[in-house]
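This report refers to the structure that appears directly beneath it.
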Amino acid sequence: MSTPKVEEKLYQNRYIVDESHPHIAIKDKATCTTCDHKACTWCCPAACYTADAAGTVTLATDGCLECGTCRVVCQDKQNIAWDYPRGGYGISYKFG
Ligand code: SF4
Ligand code: SF4
């Protein structure tokens, strides 16, 4: 029996995205540009953060697992405003 990949497991989750109220936000994009570790871009299990060649970090919360990792790894910069989604929105784990 083959072992499922992480991507396959994530695909079993379901999300209701709150388009008008992202529950996580980058406070100051300029701080990200100078951030030496950009840990959010390699610690997020859902790859919500990406950095381009110029060091600009972009956040898309659509597939967020609400794990809180990004908030922890950005503690030194305090540059992430983090909250849970509003009631009725966010992730439902493991369908199928
Ligand atoms: S860890 Fe924080 S400051 Fe660094 S790139 Fe990510 S959000 Fe920006
Ligand atoms: S809470 Fe977890 S899944 Fe959501 S953006 Fe942060 S690190 Fe990624």
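By order of appearance in the structure tokens: chains A, B, ..., then residues from 1 within every chain, and ligands from 1 in the order shown.
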
* **Neighbour list for Thr34 of chain A as a PyMOL selection string, cut-off 10 Å, only C-alpha atoms, skip fewer than 4 positions in-chain** => chain A and resi 29-30+38+55-56

Residues of the last selection are to be written out with all heavy atoms, as a short mmCIF file (atom, residue, chain, number, x, y, z; two decimals), in the first residue's frame.
data_model
loop_
_atom_site.label_atom_id
_atom_site.label_comp_id
_atom_site.auth_asym_id
_atom_site.auth_seq_id
_atom_site.Cartn_x
_atom_site.Cartn_y
_atom_site.Cartn_z
N LYS A 29 4.66 45.30 4.74
CA LYS A 29 5.38 44.57 3.68
C LYS A 29 6.85 44.95 3.61
O LYS A 29 7.69 44.14 3.24
CB LYS A 29 4.71 44.84 2.33
CG LYS A 29 3.36 44.15 2.20
CD LYS A 29 3.25 43.50 0.83
CE LYS A 29 2.09 42.54 0.79
NZ LYS A 29 2.20 41.57 -0.29
N ALA A 30 7.18 46.18 3.96
CA ALA A 30 8.58 46.61 3.91
C ALA A 30 9.43 45.82 4.91
O ALA A 30 10.60 45.52 4.65
CB ALA A 30 8.67 48.11 4.20
N LYS A 38 12.80 35.05 6.50
CA LYS A 38 11.56 34.79 5.75
C LYS A 38 10.99 33.41 6.10
O LYS A 38 10.58 32.62 5.23
CB LYS A 38 11.76 34.92 4.24
CG LYS A 38 12.01 36.38 3.82
CD LYS A 38 12.08 36.52 2.33
CE LYS A 38 12.21 37.97 1.89
NZ LYS A 38 13.20 38.78 2.60
N GLY A 55 12.26 39.89 -2.87
CA GLY A 55 12.08 39.76 -1.43
C GLY A 55 10.71 40.20 -0.95
O GLY A 55 10.45 40.22 0.25
N THR A 56 9.83 40.53 -1.86
CA THR A 56 8.47 40.90 -1.48
C THR A 56 7.68 39.64 -1.15
O THR A 56 7.64 38.69 -1.93
CB THR A 56 7.77 41.66 -2.63
OG1 THR A 56 8.54 42.83 -2.94
CG2 THR A 56 6.36 42.06 -2.23
#

Taking only C-alpha atoms and all ligand atoms into account, produce a table as JSON lines in which each residue of chain A with an atom at most 9 Å from an atom of ligand 1 appears once, together with its shortest atom pair and the distance in Å to one decimal, ordered by chain and rising number.
{"residue": "A:Ala25", "atom": "CA", "partner": "ligand 1", "partner_atom_place_in_ligand_line": "7 (S)", "distance": 8.5}
{"residue": "A:Ile26", "atom": "CA", "partner": "ligand 1", "partner_atom_place_in_ligand_line": "7 (S)", "distance": 5.8}
{"residue": "A:Lys27", "atom": "CA", "partner": "ligand 1", "partner_atom_place_in_ligand_line": "7 (S)", "distance": 8.0}
{"residue": "A:Asp28", "atom": "CA", "partner": "ligand 1", "partner_atom_place_in_ligand_line": "8 (Fe)", "distance": 7.7}
{"residue": "A:Lys29", "atom": "CA", "partner": "ligand 1", "partner_atom_place_in_ligand_line": "8 (Fe)", "distance": 6.8}
{"residue": "A:Ala30", "atom": "CA", "partner": "ligand 1", "partner_atom_place_in_ligand_line": "8 (Fe)", "distance": 8.2}
{"residue": "A:Thr31", "atom": "CA", "partner": "ligand 1", "partner_atom_place_in_ligand_line": "3 (S)", "distance": 5.5}
{"residue": "A:Cys32", "atom": "CA", "partner": "ligand 1", "partner_atom_place_in_ligand_line": "8 (Fe)", "distance": 3.5}
{"residue": "A:Thr33", "atom": "CA", "partner": "ligand 1", "partner_atom_place_in_ligand_line": "5 (S)", "distance": 6.7}
{"residue": "A:Thr34", "atom": "CA", "partner": "ligand 1", "partner_atom_place_in_ligand_line": "3 (S)", "distance": 7.7}
{"residue": "A:Cys35", "atom": "CA", "partner": "ligand 1", "partner_atom_place_in_ligand_line": "4 (Fe)", "distance": 4.6}
{"residue": "A:Asp36", "atom": "CA", "partner": "ligand 1", "partner_atom_place_in_ligand_line": "4 (Fe)", "distance": 7.0}
{"residue": "A:His37", "atom": "CA", "partner": "ligand 1", "partner_atom_place_in_ligand_line": "4 (Fe)", "distance": 6.2}
{"residue": "A:Lys38", "atom": "CA", "partner": "ligand 1", "partner_atom_place_in_ligand_line": "5 (S)", "distance": 3.8}
{"residue": "A:Ala39", "atom": "CA", "partner": "ligand 1", "partner_atom_place_in_ligand_line": "1 (S)", "distance": 4.7}
{"residue": "A:Cys40", "atom": "CA", "partner": "ligand 1", "partner_atom_place_in_ligand_line": "6 (Fe)", "distance": 4.3}
{"residue": "A:Thr41", "atom": "CA", "partner": "ligand 1", "partner_atom_place_in_ligand_line": "6 (Fe)", "distance": 6.4}
{"residue": "A:Tyr49", "atom": "CA", "partner": "ligand 1", "partner_atom_place_in_ligand_line": "6 (Fe)", "distance": 7.5}
{"residue": "A:Thr50", "atom": "CA", "partner": "ligand 1", "partner_atom_place_in_ligand_line": "5 (S)", "distance": 8.9}
{"residue": "A:Ala51", "atom": "CA", "partner": "ligand 1", "partner_atom_place_in_ligand_line": "5 (S)", "distance": 7.8}
{"residue": "A:Gly55", "atom": "CA", "partner": "ligand 1", "partner_atom_place_in_ligand_line": "5 (S)", "distance": 8.2}
{"residue": "A:Thr56", "atom": "CA", "partner": "ligand 1", "partner_atom_place_in_ligand_line": "5 (S)", "distance": 8.0}
{"residue": "A:Val57", "atom": "CA", "partner": "ligand 1", "partner_atom_place_in_ligand_line": "5 (S)", "distance": 6.0}
{"residue": "A:Thr58", "atom": "CA", "partner": "ligand 1", "partner_atom_place_in_ligand_line": "7 (S)", "distance": 8.8}
{"residue": "A:Leu59", "atom": "CA", "partner": "ligand 1", "partner_atom_place_in_ligand_line": "7 (S)", "distance": 8.5}
{"residue": "A:Cys70", "atom": "CA", "partner": "ligand 1", "partner_atom_place_in_ligand_line": "1 (S)", "distance": 7.0}
{"residue": "A:Arg71", "atom": "CA", "partner": "ligand 1", "partner_atom_place_in_ligand_line": "2 (Fe)", "distance": 7.8}
{"residue": "A:Val72", "atom": "CA", "partner": "ligand 1", "partner_atom_place_in_ligand_line": "1 (S)", "distance": 8.8}
{"residue": "A:Val73", "atom": "CA", "partner": "ligand 1", "partner_atom_place_in_ligand_line": "1 (S)", "distance": 6.0}
{"residue": "A:Cys74", "atom": "CA", "partner": "ligand 1", "partner_atom_place_in_ligand_line": "1 (S)", "distance": 4.2}
{"residue": "A:Gln75", "atom": "CA", "partner": "ligand 1", "partner_atom_place_in_ligand_line": "2 (Fe)", "distance": 7.5}
{"residue": "A:Asp76", "atom": "CA", "partner": "ligand 1", "partner_atom_place_in_ligand_line": "2 (Fe)", "distance": 7.9}
{"residue": "A:Lys77", "atom": "CA", "partner": "ligand 1", "partner_atom_place_in_ligand_line": "3 (S)", "distance": 5.2}
{"residue": "A:Gln78", "atom": "CA", "partner": "ligand 1", "partner_atom_place_in_ligand_line": "2 (Fe)", "distance": 6.8}
{"residue": "A:Asn79", "atom": "CA", "partner": "ligand 1", "partner_atom_place_in_ligand_line": "2 (Fe)", "distance": 5.0}
{"residue": "A:Ile80", "atom": "CA", "partner": "ligand 1", "partner_atom_place_in_ligand_line": "7 (S)", "distance": 5.6}

Please produce an output containing N, CA, C and O atoms for each residue in the selection, written as a short mmCIF file (atom, residue, chain, number, x, y, z; two decimals), in the first residue's frame.
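Listing of part-v4.cif after writing:
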data_model
loop_
_atom_site.label_atom_id
_atom_site.label_comp_id
_atom_site.auth_asym_id
_atom_site.auth_seq_id
_atom_site.Cartn_x
_atom_site.Cartn_y
_atom_site.Cartn_z
N ALA A 25 -2.94 38.70 8.35
CA ALA A 25 -2.45 39.77 7.48
C ALA A 25 -0.99 40.08 7.81
O ALA A 25 -0.57 39.95 8.97
N ILE A 26 -0.24 40.45 6.81
CA ILE A 26 1.11 40.98 7.01
C ILE A 26 0.95 42.45 7.39
O ILE A 26 0.29 43.20 6.67
N LYS A 27 1.53 42.85 8.52
CA LYS A 27 1.34 44.22 8.99
C LYS A 27 2.07 45.22 8.10
O LYS A 27 1.52 46.26 7.74
N ASP A 28 3.33 44.93 7.77
CA ASP A 28 4.14 45.90 7.03
C ASP A 28 5.00 45.16 6.00
O ASP A 28 5.93 44.43 6.36
N LYS A 29 4.66 45.30 4.74
CA LYS A 29 5.38 44.57 3.68
C LYS A 29 6.85 44.95 3.61
O LYS A 29 7.69 44.14 3.24
N ALA A 30 7.18 46.18 3.96
CA ALA A 30 8.58 46.61 3.91
C ALA A 30 9.43 45.82 4.91
O ALA A 30 10.60 45.52 4.65
N THR A 31 8.84 45.47 6.05
CA THR A 31 9.57 44.66 7.04
C THR A 31 9.92 43.30 6.45
O THR A 31 11.01 42.77 6.68
N CYS A 32 9.01 42.73 5.68
CA CYS A 32 9.28 41.43 5.05
C CYS A 32 10.44 41.52 4.06
O CYS A 32 11.25 40.61 3.95
N THR A 33 10.51 42.61 3.35
CA THR A 33 11.57 42.77 2.36
C THR A 33 12.95 42.69 3.02
O THR A 33 13.89 42.14 2.45
N THR A 34 13.05 43.20 4.24
CA THR A 34 14.34 43.20 4.93
C THR A 34 14.48 42.03 5.91
O THR A 34 15.52 41.90 6.56
N CYS A 35 13.47 41.19 6.02
CA CYS A 35 13.51 40.05 6.94
C CYS A 35 14.57 39.06 6.45
O CYS A 35 14.53 38.59 5.31
N ASP A 36 15.52 38.72 7.33
CA ASP A 36 16.65 37.90 6.90
C ASP A 36 16.32 36.41 6.78
O ASP A 36 17.00 35.69 6.05
N HIS A 37 15.27 35.95 7.46
CA HIS A 37 14.99 34.49 7.41
C HIS A 37 13.75 34.14 6.58
O HIS A 37 13.67 33.04 6.05
N LYS A 38 12.80 35.05 6.50
CA LYS A 38 11.56 34.79 5.75
C LYS A 38 10.99 33.41 6.10
O LYS A 38 10.58 32.62 5.23
N ALA A 39 10.98 33.13 7.39
CA ALA A 39 10.58 31.79 7.84
C ALA A 39 9.16 31.42 7.44
O ALA A 39 8.86 30.24 7.24
N CYS A 40 8.29 32.40 7.33
CA CYS A 40 6.91 32.10 6.93
C CYS A 40 6.86 31.40 5.58
O CYS A 40 5.97 30.58 5.35
N THR A 41 7.81 31.70 4.71
CA THR A 41 7.75 31.14 3.34
C THR A 41 8.19 29.68 3.29
O THR A 41 7.93 29.00 2.31
N TYR A 49 2.52 31.56 2.12
CA TYR A 49 3.42 32.70 1.93
C TYR A 49 4.41 32.40 0.80
O TYR A 49 5.00 31.33 0.76
N THR A 50 4.58 33.36 -0.08
CA THR A 50 5.59 33.21 -1.13
C THR A 50 6.41 34.50 -1.20
O THR A 50 5.90 35.58 -0.91
N ALA A 51 7.66 34.34 -1.58
CA ALA A 51 8.55 35.51 -1.74
C ALA A 51 9.03 35.55 -3.18
O ALA A 51 9.38 34.51 -3.75
N GLY A 55 12.26 39.89 -2.87
CA GLY A 55 12.08 39.76 -1.43
C GLY A 55 10.71 40.20 -0.95
O GLY A 55 10.45 40.22 0.25
N THR A 56 9.83 40.53 -1.86
CA THR A 56 8.47 40.90 -1.48
C THR A 56 7.68 39.64 -1.15
O THR A 56 7.64 38.69 -1.93
N VAL A 57 7.05 39.64 0.03
CA VAL A 57 6.32 38.47 0.49
C VAL A 57 4.82 38.68 0.27
O VAL A 57 4.28 39.73 0.59
N THR A 58 4.19 37.66 -0.28
CA THR A 58 2.76 37.70 -0.54
C THR A 58 2.07 36.60 0.27
O THR A 58 2.60 35.49 0.38
N LEU A 59 0.93 36.92 0.81
CA LEU A 59 0.16 35.97 1.63
C LEU A 59 -1.19 35.71 0.98
O LEU A 59 -1.92 36.63 0.63
N CYS A 70 2.98 30.39 11.43
CA CYS A 70 3.52 31.65 10.90
C CYS A 70 3.63 32.70 12.00
O CYS A 70 4.59 33.46 12.06
N ARG A 71 2.66 32.71 12.89
CA ARG A 71 2.69 33.67 13.99
C ARG A 71 3.90 33.42 14.89
O ARG A 71 4.56 34.36 15.35
N VAL A 72 4.21 32.16 15.11
CA VAL A 72 5.33 31.80 15.98
C VAL A 72 6.67 32.15 15.32
O VAL A 72 7.54 32.75 15.96
N VAL A 73 6.82 31.79 14.05
CA VAL A 73 8.13 32.00 13.41
C VAL A 73 8.40 33.47 13.12
O VAL A 73 9.54 33.85 12.86
N CYS A 74 7.37 34.30 13.19
CA CYS A 74 7.55 35.74 12.97
C CYS A 74 7.61 36.50 14.30
O CYS A 74 7.51 37.72 14.34
N GLN A 75 7.82 35.80 15.39
CA GLN A 75 7.84 36.45 16.71
C GLN A 75 8.89 37.55 16.80
O GLN A 75 8.67 38.58 17.42
N ASP A 76 10.03 37.33 16.19
CA ASP A 76 11.09 38.35 16.31
C ASP A 76 10.74 39.64 15.57
O ASP A 76 11.16 40.73 15.97
N LYS A 77 9.95 39.52 14.52
CA LYS A 77 9.56 40.71 13.75
C LYS A 77 8.18 41.25 14.14
O LYS A 77 7.87 42.42 13.85
N GLN A 78 7.37 40.38 14.77
CA GLN A 78 6.01 40.81 15.17
C GLN A 78 5.26 41.44 13.99
O GLN A 78 4.62 42.49 14.13
N ASN A 79 5.35 40.78 12.84
CA ASN A 79 4.82 41.42 11.63
C ASN A 79 3.59 40.70 11.06
O ASN A 79 3.22 40.94 9.91
N ILE A 80 3.01 39.81 11.84
CA ILE A 80 1.82 39.10 11.36
C ILE A 80 0.67 39.36 12.33
O ILE A 80 0.80 39.13 13.54
#

* To do: Using only C-alpha atoms, determine which residues lie at most 12 Å from Ile16 of chain A, disregarding the query and same-chain residues fewer than 6 positions distant; provide the list as a list in words.
  => Pro22, Thr61, Asp62, Gly63, Cys64, Leu65, Pro85, Arg86, Gly87, Gly88, Tyr89, Gly90, Ile91, Ser92 and Tyr93 of chain A

* Asked: When DSSP works through the backbone of this structure, what residues of segment 36-73 of chain A end up as strand (DSSP E or B), shown as number ranges by chain?
  -> A: 49-51, 57-59

The selected residues should be written to file as a PDB file, in the first residue's frame (atoms: N, CA and C atoms).
ATOM      1  N   TYR A  49       2.517  31.565   2.116  1.00  0.00           N
ATOM      2  CA  TYR A  49       3.423  32.702   1.925  1.00  0.00           C
ATOM      3  C   TYR A  49       4.408  32.404   0.804  1.00  0.00           C
ATOM      4  N   THR A  50       4.580  33.358  -0.080  1.00  0.00           N
ATOM      5  CA  THR A  50       5.590  33.209  -1.132  1.00  0.00           C
ATOM      6  C   THR A  50       6.413  34.495  -1.196  1.00  0.00           C
ATOM      7  N   ALA A  51       7.664  34.342  -1.579  1.00  0.00           N
ATOM      8  CA  ALA A  51       8.546  35.505  -1.744  1.00  0.00           C
ATOM      9  C   ALA A  51       9.033  35.546  -3.181  1.00  0.00           C
ATOM     10  N   VAL A  57       7.055  39.638   0.030  1.00  0.00           N
ATOM     11  CA  VAL A  57       6.315  38.465   0.489  1.00  0.00           C
ATOM     12  C   VAL A  57       4.823  38.679   0.267  1.00  0.00           C
ATOM     13  N   THR A  58       4.189  37.658  -0.285  1.00  0.00           N
ATOM     14  CA  THR A  58       2.755  37.699  -0.543  1.00  0.00           C
ATOM     15  C   THR A  58       2.072  36.600   0.270  1.00  0.00           C
ATOM     16  N   LEU A  59       0.926  36.923   0.814  1.00  0.00           N
ATOM     17  CA  LEU A  59       0.160  35.973   1.628  1.00  0.00           C
ATOM     18  C   LEU A  59      -1.189  35.708   0.980  1.00  0.00           C
TER      19      LEU A  59
END

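Backbone DSSP over segment 1-39 of chain A yields helix (DSSP H, G or I) at Val6, Glu7, Glu8, Lys9, Leu10, Lys29, Ala30, Thr31, Cys32, Thr33 and Thr34 of chain A.
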
* Could you check how far atom CA of Cys67 of chain A sits from atom CA of Glu8 of chain A, in Å to one decimal? =>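 Value for the atom CA of Cys67 of chain A-atom CA of Glu8 of chain A distance: 18.2 Å.
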
* **Computed interatomic separation between atom 5 (S, counted along the ligand's line) of ligand 2 and atom CA of Ala81 of chain A (Å)** =>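 Separation of atom 5 (S, counted along the ligand's line) of ligand 2 and atom CA of Ala81 of chain A: 10.8 Å.
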
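The two atoms in question, atom CA of Tyr84 of chain A and atom CA of Gln12 of chain A, are spaced 20.4 Å apart.
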
* To do: Rank A:Lys9, A:Arg14, A:Ser2, A:Thr69 by their smallest atom-to-atom distance to Trp42 of chain A, using only C-alpha atoms, and report the top residue only.
  =>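 Looking only at the distances to Trp42 of chain A, the closest residue turns out to be A:Thr69.
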